[in-house]
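Participant: Provided below: run_32.txt, containing compact mmCIF, C-alpha atoms.
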```
# COMPACT_ATOMS: atom_id res chain seq x y z
CA MET A 1074 -9.65 27.03 -8.03
CA THR A 1075 -6.13 28.10 -7.13
CA ASN A 1076 -3.97 29.34 -10.01
CA TYR A 1077 -1.12 27.12 -8.87
CA SER A 1078 1.15 27.96 -11.83
CA LYS A 1079 1.79 31.46 -10.43
CA LEU A 1080 2.83 30.33 -6.96
CA PRO A 1081 6.23 28.97 -5.86
CA ALA A 1082 6.73 25.95 -3.62
CA ILE A 1083 9.69 24.28 -1.95
CA LEU A 1084 10.67 20.72 -1.06
CA VAL A 1085 13.22 20.10 1.69
CA LEU A 1086 14.61 16.64 2.45
CA GLU A 1087 15.80 15.40 5.82
CA ASP A 1088 19.41 15.45 4.63
CA GLY A 1089 19.14 19.17 3.79
CA THR A 1090 18.63 18.84 0.03
CA VAL A 1091 16.34 21.53 -1.36
CA TYR A 1092 14.23 21.59 -4.53
CA HIS A 1093 12.28 24.59 -5.83
CA GLY A 1094 9.13 24.20 -7.89
CA LYS A 1095 5.55 25.34 -8.26
CA ALA A 1096 2.57 24.82 -5.97
CA ALA A 1097 0.15 22.00 -6.75
CA GLY A 1098 -3.07 21.25 -4.93
CA LYS A 1099 -3.89 23.10 -1.72
CA ILE A 1100 -1.67 25.95 -0.60
CA GLY A 1101 -0.06 24.87 2.68
CA THR A 1102 2.62 22.72 4.28
CA THR A 1103 2.88 18.95 4.64
CA THR A 1104 5.40 16.42 5.96
CA GLY A 1105 6.00 12.69 5.63
CA GLU A 1106 8.39 10.00 4.47
CA ILE A 1107 9.31 10.60 0.84
CA CYS A 1108 9.17 7.66 -1.56
CA PHE A 1109 8.71 7.08 -5.28
CA ASN A 1110 6.44 4.96 -7.47
CA THR A 1111 7.56 3.88 -10.94
CA GLY A 1112 4.11 3.06 -12.33
CA THR A 1113 3.24 4.65 -15.66
CA THR A 1114 -0.46 4.85 -14.81
CA GLY A 1115 -2.75 4.59 -11.82
CA TYR A 1116 -2.01 7.83 -9.99
CA GLN A 1117 -5.48 7.98 -8.48
CA GLU A 1118 -5.14 4.48 -7.03
CA ILE A 1119 -1.81 5.57 -5.52
CA PHE A 1120 -3.34 8.69 -3.99
CA THR A 1121 -6.09 6.69 -2.26
CA ASP A 1122 -4.16 3.56 -1.21
CA PRO A 1123 -4.12 3.48 2.63
CA SER A 1124 -0.69 1.81 2.51
CA TYR A 1125 0.71 5.22 1.53
CA PHE A 1126 -0.69 6.99 4.58
CA GLY A 1127 1.96 9.32 6.02
CA GLN A 1128 4.10 9.31 2.88
CA ILE A 1129 4.99 12.00 0.34
CA MET A 1130 4.77 10.40 -3.09
CA VAL A 1131 7.13 11.15 -5.97
CA THR A 1132 5.70 9.95 -9.28
CA THR A 1133 8.35 9.02 -11.84
CA ASN A 1134 5.84 9.19 -14.70
CA ALA A 1135 6.24 12.63 -16.28
CA HIS A 1136 2.54 13.56 -16.49
CA ILE A 1137 0.15 13.54 -13.53
CA GLY A 1138 -3.49 14.62 -13.77
CA ASN A 1139 -3.74 14.21 -17.54
CA TYR A 1140 -6.70 11.80 -17.37
CA GLY A 1141 -8.45 13.52 -14.48
CA ILE A 1142 -10.18 11.95 -11.49
CA ASP A 1143 -12.86 9.25 -11.62
CA GLU A 1144 -14.55 8.32 -8.35
CA ASP A 1145 -14.74 4.68 -9.44
CA ASP A 1146 -10.93 4.45 -9.44
CA THR A 1147 -10.43 5.15 -5.76
CA GLU A 1148 -9.04 2.47 -3.43
CA SER A 1149 -10.47 4.04 -0.25
CA GLY A 1150 -12.80 6.82 0.82
CA LYS A 1151 -10.24 9.64 0.68
CA ILE A 1152 -6.75 10.75 -0.36
CA GLN A 1153 -4.22 8.88 1.79
CA ILE A 1154 -0.84 10.22 0.71
CA ALA A 1155 0.63 13.08 2.75
CA GLY A 1156 1.83 15.03 -0.29
CA LEU A 1157 2.70 14.81 -3.99
CA VAL A 1158 5.87 15.60 -5.92
CA CYS A 1159 5.66 15.48 -9.72
CA LYS A 1160 7.19 16.84 -12.92
CA ASN A 1161 4.22 17.95 -15.04
CA TYR A 1162 1.01 18.77 -13.17
CA ASN A 1163 -1.90 18.73 -15.62
CA ILE A 1164 -5.12 20.42 -14.56
CA ASN A 1165 -6.70 19.99 -18.00
CA TYR A 1166 -7.67 16.36 -18.58
CA SER A 1167 -8.75 14.31 -21.58
CA ARG A 1168 -10.85 11.41 -20.22
CA LYS A 1169 -14.60 11.76 -20.74
CA MET A 1170 -15.34 9.48 -17.79
CA ALA A 1171 -13.48 11.75 -15.36
CA ASP A 1172 -15.53 13.60 -12.73
CA GLU A 1173 -13.13 16.47 -12.04
CA SER A 1174 -9.59 17.79 -12.38
CA ILE A 1175 -6.73 16.77 -10.14
CA GLN A 1176 -6.49 20.33 -8.80
CA SER A 1177 -10.09 20.48 -7.59
CA TYR A 1178 -9.70 16.95 -6.17
CA PHE A 1179 -6.61 17.96 -4.20
CA GLU A 1180 -8.20 21.16 -2.93
CA GLU A 1181 -11.24 19.22 -1.72
CA GLY A 1182 -8.96 16.62 -0.08
CA ASN A 1183 -6.55 19.19 1.44
CA LEU A 1184 -3.56 17.69 -0.37
CA VAL A 1185 -0.42 19.83 -0.68
CA GLY A 1186 1.94 19.16 -3.57
CA ILE A 1187 4.80 20.53 -5.63
CA SER A 1188 5.35 20.30 -9.39
CA ASP A 1189 7.98 21.31 -11.94
CA ILE A 1190 10.60 19.37 -9.99
CA ASP A 1191 13.39 17.43 -11.70
CA THR A 1192 11.96 14.12 -10.52
CA ARG A 1193 14.69 12.08 -12.21
CA SER A 1194 17.31 13.86 -10.11
CA LEU A 1195 15.17 13.53 -6.98
CA VAL A 1196 14.52 9.82 -7.46
CA ARG A 1197 18.19 9.11 -8.07
CA HIS A 1198 18.98 10.97 -4.85
CA ILE A 1199 16.41 9.02 -2.81
CA ARG A 1200 17.46 5.77 -4.45
CA ASN A 1201 21.05 6.30 -3.36
CA LYS A 1202 20.48 7.86 0.07
CA GLY A 1203 17.47 5.76 1.08
CA ALA A 1204 14.10 6.57 2.61
CA MET A 1205 13.93 9.81 4.60
CA ASN A 1206 11.42 12.39 5.76
CA ALA A 1207 10.61 15.51 3.77
CA ILE A 1208 8.53 18.67 3.89
CA ILE A 1209 6.65 20.50 1.11
CA SER A 1210 5.43 24.06 1.51
CA SER A 1211 3.76 26.63 -0.73
CA GLU A 1212 3.06 29.03 2.15
CA ASN A 1213 6.49 29.19 3.82
CA LEU A 1214 9.60 29.41 1.64
CA ASP A 1215 12.10 29.86 4.46
CA VAL A 1216 14.40 26.83 4.28
CA GLU A 1217 15.70 27.05 7.85
CA SER A 1218 12.18 27.30 9.24
CA LEU A 1219 11.10 24.28 7.22
CA LYS A 1220 14.13 22.31 8.42
CA ALA A 1221 13.16 23.03 12.01
CA THR A 1222 9.64 21.76 11.41
CA LEU A 1223 10.93 18.69 9.59
CA ALA A 1224 13.18 17.79 12.53
CA THR A 1225 10.06 17.15 14.64
CA VAL A 1226 8.57 14.57 12.24
CA PRO A 1227 8.87 10.98 13.54
CA SER A 1228 10.56 8.25 11.51
CA MET A 1229 8.39 5.62 9.82
CA ASP A 1230 10.55 3.06 11.60
CA GLY A 1231 8.56 2.05 14.69
CA LEU A 1232 5.40 3.94 13.67
CA GLU A 1233 1.99 2.26 14.05
CA LEU A 1234 -0.44 3.70 11.50
CA SER A 1235 -3.01 1.02 10.62
CA SER A 1236 -5.37 1.99 13.42
CA GLN A 1237 -5.57 5.47 11.86
CA VAL A 1238 -6.76 4.26 8.44
CA SER A 1239 -8.79 1.17 9.36
CA THR A 1240 -12.57 1.18 9.46
CA THR A 1241 -13.99 2.19 12.84
CA GLU A 1242 -17.00 -0.10 12.53
CA PRO A 1243 -17.45 -3.53 10.91
CA TYR A 1244 -19.16 -3.57 7.51
CA PHE A 1245 -20.14 -6.14 4.88
CA TYR A 1246 -19.09 -6.44 1.24
CA GLY A 1247 -20.61 -8.70 -1.40
CA ASN A 1248 -23.65 -10.93 -1.67
CA GLU A 1249 -24.86 -12.20 1.70
CA ASP A 1250 -26.08 -15.38 -0.01
CA ALA A 1251 -22.60 -16.19 -1.35
CA PRO A 1252 -21.39 -19.69 -0.42
CA VAL A 1253 -18.14 -18.55 1.27
CA ARG A 1254 -17.80 -16.18 4.21
CA VAL A 1255 -14.44 -14.51 4.90
CA ALA A 1256 -13.53 -12.32 7.87
CA VAL A 1257 -11.29 -9.45 6.78
CA LEU A 1258 -8.94 -7.72 9.22
CA ASP A 1259 -8.70 -4.19 7.86
CA LEU A 1260 -5.20 -2.81 8.40
CA GLY A 1261 -5.68 -0.36 5.53
CA ILE A 1262 -7.43 -2.42 2.88
CA LYS A 1263 -7.78 -1.50 -0.79
CA LYS A 1264 -11.25 -1.71 -2.33
CA ASN A 1265 -10.10 -3.89 -5.18
CA ILE A 1266 -9.22 -6.69 -2.77
CA LEU A 1267 -12.85 -6.78 -1.71
CA ARG A 1268 -13.95 -6.62 -5.35
CA ASN A 1269 -11.82 -9.68 -6.08
CA PHE A 1270 -13.44 -11.59 -3.24
CA ASP A 1271 -16.91 -10.58 -4.42
CA GLN A 1272 -16.09 -11.78 -7.96
CA ARG A 1273 -15.32 -15.20 -6.45
CA GLU A 1274 -18.63 -15.48 -4.59
CA VAL A 1275 -17.27 -14.48 -1.21
CA TYR A 1276 -19.31 -12.58 1.36
CA ALA A 1277 -16.87 -10.54 3.45
CA LYS A 1278 -17.21 -8.90 6.82
CA VAL A 1279 -14.56 -6.23 7.29
CA PHE A 1280 -13.38 -5.69 10.85
CA PRO A 1281 -11.40 -2.81 12.45
CA ALA A 1282 -7.65 -3.33 12.83
CA LYS A 1283 -7.72 -4.05 16.56
CA THR A 1284 -10.48 -6.68 16.41
CA THR A 1285 -9.60 -9.91 18.22
CA PHE A 1286 -9.82 -13.38 16.74
CA ALA A 1287 -12.66 -14.22 19.12
CA GLU A 1288 -14.70 -11.28 17.85
CA MET A 1289 -14.20 -12.30 14.22
CA GLN A 1290 -14.79 -15.97 14.99
CA ALA A 1291 -18.21 -15.11 16.45
CA TRP A 1292 -19.38 -14.36 12.89
CA ASN A 1293 -18.45 -17.96 11.97
CA PRO A 1294 -16.39 -17.27 8.84
CA ALA A 1295 -14.84 -20.02 6.73
CA GLY A 1296 -11.54 -18.16 6.37
CA TYR A 1297 -9.59 -15.08 7.42
CA PHE A 1298 -7.87 -12.40 5.36
CA ILE A 1299 -5.20 -10.01 6.70
CA SER A 1300 -4.97 -6.86 4.61
CA ASN A 1301 -2.34 -4.44 3.41
CA GLY A 1302 -1.74 -1.19 5.27
CA PRO A 1303 0.78 1.48 6.34
CA GLY A 1304 3.49 1.76 8.98
CA ASP A 1305 5.93 -0.54 10.75
CA PRO A 1306 4.54 -4.07 11.20
CA SER A 1307 6.72 -4.71 14.27
CA ALA A 1308 4.80 -1.95 16.09
CA MET A 1309 1.50 -3.85 15.67
CA SER A 1310 1.43 -6.29 18.57
CA TYR A 1311 -2.37 -6.38 18.47
CA ALA A 1312 -2.47 -7.71 14.89
CA ILE A 1313 0.38 -10.14 15.51
CA GLN A 1314 -1.55 -11.65 18.42
CA THR A 1315 -4.73 -11.93 16.32
CA VAL A 1316 -2.84 -13.82 13.61
CA LYS A 1317 -1.25 -16.09 16.21
CA ASP A 1318 -4.73 -16.94 17.49
CA ILE A 1319 -6.01 -17.70 13.98
CA LEU A 1320 -3.03 -20.01 13.44
CA ALA A 1321 -3.63 -21.73 16.78
CA ALA A 1322 -7.21 -22.42 15.69
CA ASP A 1323 -5.86 -23.83 12.40
CA GLN A 1324 -8.14 -21.69 10.24
CA PRO A 1325 -7.53 -20.88 6.54
CA MET A 1326 -5.74 -17.55 6.26
CA PHE A 1327 -4.39 -15.34 3.48
CA GLY A 1328 -2.34 -12.15 3.89
CA ILE A 1329 -1.26 -9.44 1.46
CA CYS A 1330 1.61 -6.94 1.94
CA LEU A 1331 1.36 -5.78 5.59
CA GLY A 1332 -0.67 -8.94 6.20
CA HIS A 1333 2.30 -10.91 4.87
CA GLN A 1334 4.64 -9.18 7.29
CA ILE A 1335 2.27 -9.75 10.22
CA LEU A 1336 2.06 -13.47 9.38
CA ALA A 1337 5.87 -13.62 9.40
CA LEU A 1338 6.09 -11.85 12.77
CA ALA A 1339 3.49 -14.23 14.21
CA ASN A 1340 5.91 -17.03 13.33
CA ASP A 1341 8.99 -15.38 14.89
CA ILE A 1342 10.29 -14.05 11.58
CA ARG A 1343 11.57 -10.49 11.95
CA THR A 1344 10.76 -7.62 9.61
CA GLN A 1345 13.07 -4.78 8.63
CA LYS A 1346 12.86 -1.36 7.02
CA MET A 1347 14.14 -1.46 3.46
CA HIS A 1348 16.58 1.04 1.96
CA ASN A 1349 13.90 2.22 -0.47
CA GLY A 1350 11.17 -0.38 -0.69
CA HIS A 1351 9.35 -1.59 -3.79
CA ARG A 1352 6.71 0.65 -5.38
CA GLY A 1353 5.59 0.09 -8.95
CA ILE A 1354 3.66 -2.21 -11.28
CA ASN A 1355 6.39 -4.19 -13.05
CA HIS A 1356 8.28 -6.13 -10.38
CA PRO A 1357 9.25 -9.67 -11.45
CA VAL A 1358 8.50 -12.42 -8.93
CA LYS A 1359 9.10 -16.16 -9.18
CA ASN A 1360 6.65 -18.64 -7.72
CA ILE A 1361 9.17 -21.30 -6.71
CA ILE A 1362 6.43 -23.83 -5.90
CA ALA A 1363 4.87 -23.68 -9.38
CA ASN A 1364 8.22 -22.80 -11.05
CA ARG A 1365 6.81 -19.86 -12.97
CA CYS A 1366 7.28 -16.09 -13.02
CA GLU A 1367 4.78 -13.27 -12.75
CA ILE A 1368 4.87 -9.50 -13.11
CA THR A 1369 3.55 -7.86 -9.96
CA SER A 1370 2.37 -4.60 -8.47
CA GLN A 1371 4.17 -3.66 -5.26
CA ASN A 1372 4.00 -1.05 -2.53
CA HIS A 1373 5.99 -1.63 0.63
CA GLY A 1374 8.82 -0.10 2.63
CA PHE A 1375 9.30 -3.03 5.01
CA GLY A 1376 10.17 -6.64 4.29
CA VAL A 1377 10.71 -9.93 6.09
CA VAL A 1378 14.21 -11.06 7.09
CA ALA A 1379 15.31 -13.88 4.77
CA GLU A 1380 17.88 -15.26 7.22
CA ASP A 1381 15.17 -15.86 9.80
CA ILE A 1382 13.15 -17.90 7.33
CA GLU A 1383 16.19 -19.98 6.40
CA GLN A 1384 16.55 -20.95 10.06
CA SER A 1385 12.84 -21.42 10.71
CA ASP A 1386 10.98 -24.71 10.96
CA LYS A 1387 7.61 -22.88 10.94
CA VAL A 1388 7.48 -21.29 7.49
CA GLU A 1389 8.82 -21.84 3.99
CA VAL A 1390 9.36 -19.50 1.07
CA THR A 1391 6.94 -19.68 -1.87
CA HIS A 1392 7.88 -16.56 -3.88
CA ILE A 1393 11.05 -14.53 -4.38
CA ASN A 1394 11.75 -11.16 -6.01
CA LEU A 1395 13.90 -11.62 -9.11
CA ASN A 1396 15.42 -8.14 -8.82
CA ASP A 1397 16.89 -8.38 -5.33
CA GLN A 1398 16.01 -11.91 -4.11
CA SER A 1399 13.87 -10.53 -1.28
CA ILE A 1400 11.07 -12.71 0.11
CA GLU A 1401 7.77 -12.22 -1.71
CA GLY A 1402 5.70 -15.09 -0.36
CA ILE A 1403 5.56 -17.61 2.47
CA ARG A 1404 3.35 -20.39 3.74
CA VAL A 1405 3.13 -21.82 7.24
CA ILE A 1406 4.23 -25.44 7.44
CA GLY A 1407 1.40 -27.70 8.59
CA LYS A 1408 -1.16 -24.89 8.53
CA ASN A 1409 -3.64 -23.54 5.99
CA ALA A 1410 -2.00 -20.12 5.95
CA PHE A 1411 -0.02 -18.26 3.30
CA SER A 1412 0.82 -14.71 2.27
CA VAL A 1413 2.49 -12.58 -0.39
CA GLN A 1414 4.33 -9.28 -0.16
CA TYR A 1415 2.96 -7.90 -3.43
CA HIS A 1416 -0.57 -6.96 -4.60
CA PRO A 1417 -2.40 -9.60 -6.67
CA GLU A 1418 -5.49 -7.38 -6.78
CA SER A 1419 -3.59 -4.57 -8.57
CA SER A 1420 -5.74 -2.19 -10.55
CA PRO A 1421 -4.43 -0.84 -12.76
CA GLY A 1422 -1.56 -3.21 -13.14
CA PRO A 1423 -0.73 -6.81 -14.02
CA HIS A 1424 -3.23 -9.59 -13.33
CA ASP A 1425 -0.65 -12.39 -13.28
CA SER A 1426 -1.22 -13.06 -9.58
CA ARG A 1427 -5.01 -13.15 -9.33
CA TYR A 1428 -4.74 -16.94 -8.96
CA LEU A 1429 -3.86 -16.37 -5.29
CA PHE A 1430 -7.46 -15.47 -4.52
CA ASP A 1431 -8.56 -18.70 -6.20
CA ASP A 1432 -5.97 -20.64 -4.18
CA PHE A 1433 -7.38 -19.17 -0.98
CA ILE A 1434 -10.95 -20.11 -1.89
CA GLU A 1435 -9.84 -23.64 -2.74
CA LEU A 1436 -8.05 -23.86 0.59
CA ILE A 1437 -11.27 -22.89 2.36
CA LYS A 1438 -13.35 -25.42 0.44
CA LYS A 1439 -11.07 -28.38 1.18
```
Kindly return the structure encoded in the file as structure tokens.
Facilitator:
Amino acid sequence: MTNYSKLPAILVLEDGTVYHGKAAGKIGTTTGEICFNTGTTGYQEIFTDPSYFGQIMVTTNAHIGNYGIDEDDTESGKIQIAGLVCKNYNINYSRKMADESIQSYFEEGNLVGISDIDTRSLVRHIRNKGAMNAIISSENLDVESLKATLATVPSMDGLELSSQVSTTEPYFYGNEDAPVRVAVLDLGIKKNILRNFDQREVYAKVFPAKTTFAEMQAWNPAGYFISNGPGDPSAMSYAIQTVKDILAADQPMFGICLGHQILALANDIRTQKMHNGHRGINHPVKNIIANRCEITSQNHGFGVVAEDIEQSDKVEVTHINLNDQSIEGIRVIGKNAFSVQYHPESSPGPHDSRYLFDDFIELIKK
């Protein structure tokens, strides 16, 4: 195992800002869009969430690695983040259930990180300047060289990434004798979404991102689910067309996060890149249909354009963010289709929104 505490590392932002720290994880160089998550727990779920593919994650919680790594806590089959920035990097862990340390996990997963950074200063900087690309290196400490490499990294705006994290072959999840069958379009799905379906007696067949409606329909499902995932939704014409076809067939449909954005685009509602996005486990959302509030887990850098919804006769708003009034949920008028921007399956995190899975099952059974 690498003695990371003896080795220096450097973080360079797209705007030229430089931070010096210590190496964490594998010795090497990595690039991606830098963003931050305000959750106080759940670092392993963050590392393995496919929605974070291509992003360097800054954790605002001061201690990372302190409860080790447990295989049962993963949201996908591998580490998905492009890199990690943290304050205190703890190789020694206290949880008896843990399988290994964060350092061995990162070395096995080829994850490059940097620790001993003033993350409060960094987060304030990103918060004010907005999302940007960054580079971490523990093998090359030449700032000008790193800037040159960083200049070649494409912007997340316009980037299609779901096809890189989606399953390559269909697979099943749950009890095949369950009374409800749901076709899942995998744009970068989290395991806990499938667990929530299984807990509600749903047998799911998970399809690759570029699967057509006709291919999913051949399995004869009772409903369709459009998953979360990474990248710019407007660059995903294939998924937008699939959702349009599901709507045309008037089939029950539920979307989460990227699936929410794709449903909006399929109804001529534009999406836009946010200044920073929402990433954390304590975002307040109001369900304006039920007139109640819920605390939610969120992870997205794109959102739907509210002005388009105001002028639309196709969709209506069901949920709004109480911090910035952004759109958190919609439903299609006259169709059995709805979506939310946040993550009702959150684990760890609040369970206030688990009712959405029940609503979807009830919609199917009507």
Participant: May I ask for the distance between atom CA of Glu1435 of chain A and atom CA of Val1275 of chain A, given in Å to one decimal place?
Facilitator: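 Interatomic distance, atom CA of Glu1435 of chain A to atom CA of Val1275 of chain A: 11.9 Å.
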Participant: Which one of A:Glu1389, A:Glu1401, A:Glu1380, A:Glu1087 sits closest to Ile1208 of chain A if you count all atoms listed in the file?
Facilitator: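 Selected residue with least distance to Ile1208 of chain A: A:Glu1087.
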Participant: May I ask which of the residues A:Glu1212, A:Asp1088, A:Glu1249, A:Glu1418 is the closest one to Val1185 of chain A, counting all atoms listed in the file?
Facilitator: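 Ranking A:Glu1212, A:Asp1088, A:Glu1249, A:Glu1418 by distance to Val1185 of chain A, first place goes to A:Glu1212.
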Participant: What is the atom CA of Ile1434 of chain A-atom CA of Tyr1297 of chain A distance in Å, reported with one decimal?
Facilitator: 10.7 Å
Participant: At what distance in Å, to one decimal, does atom CA of Val1388 of chain A lie from atom CA of Ala1322 of chain A?
Facilitator: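 So the two atoms, atom CA of Ala1322 of chain A and atom CA of Val1388 of chain A, lie 16.9 Å apart.
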Participant: Return the single residue from A:Val1390, A:Ile1319, A:Ile1437, A:Ile1368 that is closest to Ile1406 of chain A, with distances computed using all atoms listed in the file.
Facilitator: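 Closest residue, counting all atoms listed in the file: A:Val1390.
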Participant: Give me the residues within 7 Å of segment 1391-1398 of chain A as a list in words, counting all atoms listed in the file and dropping any in the same chain fewer than 6 places off.
Facilitator: Pro1357, Val1358, Lys1359, Asn1360, Ile1361, Ile1362 and Arg1404 of chain A
Participant: Using all atoms listed in the file, determine which residues lie at most 10 Å from Ser1124 of chain A, disregarding the query and same-chain residues fewer than 5 positions distant; provide the list as a PyMOL selection string.
Facilitator: chain A and resi 1119+1153-1154+1234-1235+1238+1260-1263+1300-1304+1330-1331+1372-1374
